[in-house]
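This report refers to the structure that appears directly beneath it.
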Amino acid sequence: MMTAALIMTVVWCLLYGRVPSVALALACAVLGVAFSLLGRHRHRPFVLVDVLAQSSRLNRVSPSLKLWVVLVLMALCVSASNLVVGVFLAVVALILIVPVGGLRLRDYLHLLALPVSFLMINGLALLFELTAQRTGVLGIHVLGSWFCVSAEAQSHAALVMARALGAVSCLYLLSLTTPMSEVIGTLRRVRCPGILIDLMYLTYRYIFILLLMFYTMRDAAASRLGFVDYQTSIRTTGHLYADLLLRSYRQAYRNFDAMESRCYGTGIRFLENRREMAGGHVATAVGITAITLGLSLSFR
């Protein structure tokens with residue numbers, strides 16, 4: 001719900017004065033309701049990104065091709081001087097992840113809700129400026145001062161948000177279609193330092209260990225009425241995170257002892273599925289990159 005409210009607020013401020021008020025209000029309401037219904041939490045403890053990547057139909061595409069294409073698209077998106085590139089890449093990522101890759105739209109929006117929330121908050125910071133007098137296309141009077149939105153701020157915020165959304169969508173295109181082991185394996189083949197490879201494996205694995213600890217502890221506290229009211233919830237949350245910190249240290253020591261007992265020192269190795277680059281996949285990647293480059297150059 002918070003993400004939907006932020007989206008409606010930012011869209012209203014971005015388009016205020018450029019779109020008729022009735023149409024703008026209707027568009028904001030439709031966006032808010034759609035995101036609330038499709039992206040709401042479904043009482044799943046957490047969504048395993050690697051599980052979704054393994055089940056994606058794009059998992060059969062060469063991870064090397066996906067990695068390098070995503071890096072090029074991100075560079076083009078961040079350096080673009082217009083918002084068309086970011087919007088185009090966001091739409092392309094949505095199409096490739098959901099209908100082509102087979103991921104459900106609800107799962108994709110649920111995963112996208114957190115970065116979109118941060119993006120909307122930053123958008124509000126870019127839109128509003130504090131002034132002594134009302135200026136621009138929109139002004140809110142607060143305690144003797146004005147929070148105003150100018151046309152220049154609207155254009156600048158739209159460009160920054162489009163760049164960020166396009167870059168995040170590219171990252172999701174990689175992470176939701178390529179298991180982490182294959183991404184790291186690709187980095188190993190391009191001679192990424194071994195110590196960094198091992199740290200990537202361990203950090204990625206440890207994230208899910210901590211998540212499992214947290215949800216187990218939270219469910220145990222909830223079953224004992226640890227969140228029955230606000231005061232009890234605050235106390236329970238404090239104890240929960242303090243205990244989680246101690247348990248994370250214990251788990252880290254146990255993991256280190258387990259690795260030492262197995263004579264760790266030659267690097268962490270996983271079996272990998274080698275996937276050759278198919279001609280159709282290469283042509284699609286080149287086409288998307290060419291269109292993105294063309295859009296970037298056309299709207300300068």
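For the structure tokens, the naming scheme is as follows: chains receive sequential letters (A, B, ...) according to their order of presentation, residues are indexed from 1 within each chain, and ligands are indexed from 1 in presentation order.
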Distance table requested - range 70-149 of chain A against range 8-24 of chain A, cut-off 10 Å, only C-alpha atoms: one row per qualifying residue with the closest atom pair and its distance in Å to one decimal, ordered by chain and rising residue number, as a tab-separated table.
residue	atom	partner	partner_atom	distance
A:Leu119	CA	A:Val10	CA	9.8
A:Met120	CA	A:Val10	CA	6.4
A:Ile121	CA	A:Val10	CA	8.4
A:Asn122	CA	A:Val10	CA	9.8
A:Gly123	CA	A:Val10	CA	6.8
A:Leu124	CA	A:Val10	CA	6.4
A:Leu127	CA	A:Cys13	CA	7.5
A:Phe128	CA	A:Cys13	CA	9.0
A:Gly136	CA	A:Gly17	CA	9.8
A:Val137	CA	A:Gly17	CA	6.2
A:Leu138	CA	A:Tyr16	CA	7.4
A:Cys148	CA	A:Cys13	CA	10.0
A:Val149	CA	A:Cys13	CA	7.4
So that I can check the secondary structure, give me every residue of range 124-202 of chain A assigned helix (DSSP H, G or I) by backbone DSSP, as a PDB file with C-alpha atoms, in the first residue's frame.
ATOM      1  CA  LEU A 124       9.764  13.472  -4.227  1.00  0.00           C
ATOM      2  CA  ALA A 125      13.056  14.916  -2.964  1.00  0.00           C
ATOM      3  CA  LEU A 126      13.953  15.953  -6.516  1.00  0.00           C
ATOM      4  CA  LEU A 127      10.534  17.438  -7.237  1.00  0.00           C
ATOM      5  CA  ALA A 151       8.505  22.583 -14.593  1.00  0.00           C
ATOM      6  CA  GLU A 152      12.304  22.236 -14.613  1.00  0.00           C
ATOM      7  CA  ALA A 153      12.151  20.027 -11.515  1.00  0.00           C
ATOM      8  CA  GLN A 154       9.510  17.860 -13.168  1.00  0.00           C
ATOM      9  CA  SER A 155      11.709  17.299 -16.228  1.00  0.00           C
ATOM     10  CA  HIS A 156      14.830  16.633 -14.168  1.00  0.00           C
ATOM     11  CA  ALA A 157      13.078  14.235 -11.782  1.00  0.00           C
ATOM     12  CA  ALA A 158      11.449  12.357 -14.662  1.00  0.00           C
ATOM     13  CA  LEU A 159      14.836  11.865 -16.350  1.00  0.00           C
ATOM     14  CA  VAL A 160      16.577  10.677 -13.189  1.00  0.00           C
ATOM     15  CA  MET A 161      13.749   8.314 -12.253  1.00  0.00           C
ATOM     16  CA  ALA A 162      13.559   6.891 -15.786  1.00  0.00           C
ATOM     17  CA  ARG A 163      17.300   6.210 -15.742  1.00  0.00           C
ATOM     18  CA  ALA A 164      17.087   4.517 -12.356  1.00  0.00           C
ATOM     19  CA  LEU A 165      14.030   2.457 -13.290  1.00  0.00           C
ATOM     20  CA  GLY A 166      15.641   1.302 -16.534  1.00  0.00           C
ATOM     21  CA  ALA A 167      18.876   0.314 -14.771  1.00  0.00           C
ATOM     22  CA  VAL A 168      17.026  -1.568 -12.014  1.00  0.00           C
ATOM     23  CA  SER A 169      14.902  -3.347 -14.622  1.00  0.00           C
ATOM     24  CA  CYS A 170      18.080  -4.488 -16.408  1.00  0.00           C
ATOM     25  CA  LEU A 171      19.440  -5.888 -13.150  1.00  0.00           C
ATOM     26  CA  TYR A 172      16.170  -7.725 -12.546  1.00  0.00           C
ATOM     27  CA  LEU A 173      16.318  -9.095 -16.092  1.00  0.00           C
ATOM     28  CA  LEU A 174      19.659 -10.676 -15.246  1.00  0.00           C
ATOM     29  CA  SER A 175      18.894 -11.855 -11.703  1.00  0.00           C
ATOM     30  CA  MET A 180      23.657 -16.685  -9.208  1.00  0.00           C
ATOM     31  CA  SER A 181      25.978 -19.665  -9.638  1.00  0.00           C
ATOM     32  CA  GLU A 182      25.987 -19.104 -13.412  1.00  0.00           C
ATOM     33  CA  VAL A 183      26.614 -15.364 -13.054  1.00  0.00           C
ATOM     34  CA  ILE A 184      29.556 -16.020 -10.752  1.00  0.00           C
ATOM     35  CA  GLY A 185      30.784 -18.791 -13.057  1.00  0.00           C
ATOM     36  CA  THR A 186      30.804 -16.300 -15.927  1.00  0.00           C
ATOM     37  CA  LEU A 187      32.839 -13.870 -13.826  1.00  0.00           C
ATOM     38  CA  ARG A 188      35.271 -16.692 -13.023  1.00  0.00           C
ATOM     39  CA  ARG A 189      35.769 -17.388 -16.731  1.00  0.00           C
ATOM     40  CA  GLY A 194      39.288 -15.905  -6.864  1.00  0.00           C
ATOM     41  CA  ILE A 195      38.885 -14.253  -3.459  1.00  0.00           C
ATOM     42  CA  LEU A 196      36.082 -12.069  -4.837  1.00  0.00           C
ATOM     43  CA  ILE A 197      34.368 -15.096  -6.346  1.00  0.00           C
ATOM     44  CA  ASP A 198      34.430 -16.931  -3.005  1.00  0.00           C
ATOM     45  CA  LEU A 199      33.143 -13.864  -1.157  1.00  0.00           C
ATOM     46  CA  MET A 200      30.265 -13.579  -3.639  1.00  0.00           C
ATOM     47  CA  TYR A 201      29.264 -17.195  -3.093  1.00  0.00           C
ATOM     48  CA  LEU A 202      29.474 -16.956   0.702  1.00  0.00           C
TER      49      LEU A 202
END
All strand (DSSP E) positions in range 45-136 of chain A, as a PyMOL selection string: chain A and resi 128-131
Which one of A:Ile291, A:Val33, A:Val61, A:Val69 sits closest to Gly279 in chain A if you count only C-alpha atoms? A:Val61
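Atom to atom, CA of Ala27 in chain A and CA of Thr131 in chain A stand 29.1 Å apart.
For range 98-102 of chain A, the residues within 6 Å (counting only C-alpha atoms, excluding itself and residues fewer than 5 positions away along the chain) are Ser56, Arg57 and Leu58 of chain A.
Take CA of Phe88 in chain A and CA of Thr284 in chain A: the distance between them is 15.1 Å.
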Show me, as a PDB file with N, CA and C atoms, in the first residue's frame, the residues that have an atom within 10 Å of range 242-247 of chain A when counting only C-alpha atoms, minus same-chain residues fewer than 5 positions from it.
ATOM      1  N   LEU A 210      20.464 -15.914   6.927  1.00  0.00           N
ATOM      2  CA  LEU A 210      19.967 -14.918   7.879  1.00  0.00           C
ATOM      3  C   LEU A 210      18.467 -14.691   7.706  1.00  0.00           C
ATOM      4  N   LEU A 211      17.990 -14.689   6.463  1.00  0.00           N
ATOM      5  CA  LEU A 211      16.554 -14.535   6.242  1.00  0.00           C
ATOM      6  C   LEU A 211      15.771 -15.678   6.879  1.00  0.00           C
ATOM      7  N   MET A 213      16.719 -17.526   9.417  1.00  0.00           N
ATOM      8  CA  MET A 213      16.777 -17.304  10.870  1.00  0.00           C
ATOM      9  C   MET A 213      15.742 -16.271  11.302  1.00  0.00           C
ATOM     10  N   PHE A 214      15.703 -15.165  10.578  1.00  0.00           N
ATOM     11  CA  PHE A 214      14.815 -14.069  10.969  1.00  0.00           C
ATOM     12  C   PHE A 214      13.358 -14.503  10.939  1.00  0.00           C
ATOM     13  N   MET A 217      12.511 -16.919  13.785  1.00  0.00           N
ATOM     14  CA  MET A 217      12.403 -16.234  15.063  1.00  0.00           C
ATOM     15  C   MET A 217      11.145 -15.366  15.119  1.00  0.00           C
ATOM     16  N   THR A 236       9.550  -6.691  21.440  1.00  0.00           N
ATOM     17  CA  THR A 236       9.857  -7.956  20.767  1.00  0.00           C
ATOM     18  C   THR A 236      10.807  -7.742  19.595  1.00  0.00           C
ATOM     19  N   THR A 237      10.584  -6.674  18.838  1.00  0.00           N
ATOM     20  CA  THR A 237      11.448  -6.397  17.691  1.00  0.00           C
ATOM     21  C   THR A 237      12.879  -6.133  18.128  1.00  0.00           C
ATOM     22  N   ALA A 252      28.321 -17.761  11.607  1.00  0.00           N
ATOM     23  CA  ALA A 252      29.531 -17.475  10.836  1.00  0.00           C
ATOM     24  C   ALA A 252      30.699 -18.312  11.345  1.00  0.00           C
ATOM     25  N   TYR A 253      30.836 -18.430  12.675  1.00  0.00           N
ATOM     26  CA  TYR A 253      31.916 -19.255  13.227  1.00  0.00           C
ATOM     27  C   TYR A 253      31.715 -20.729  12.865  1.00  0.00           C
TER      28      TYR A 253
END
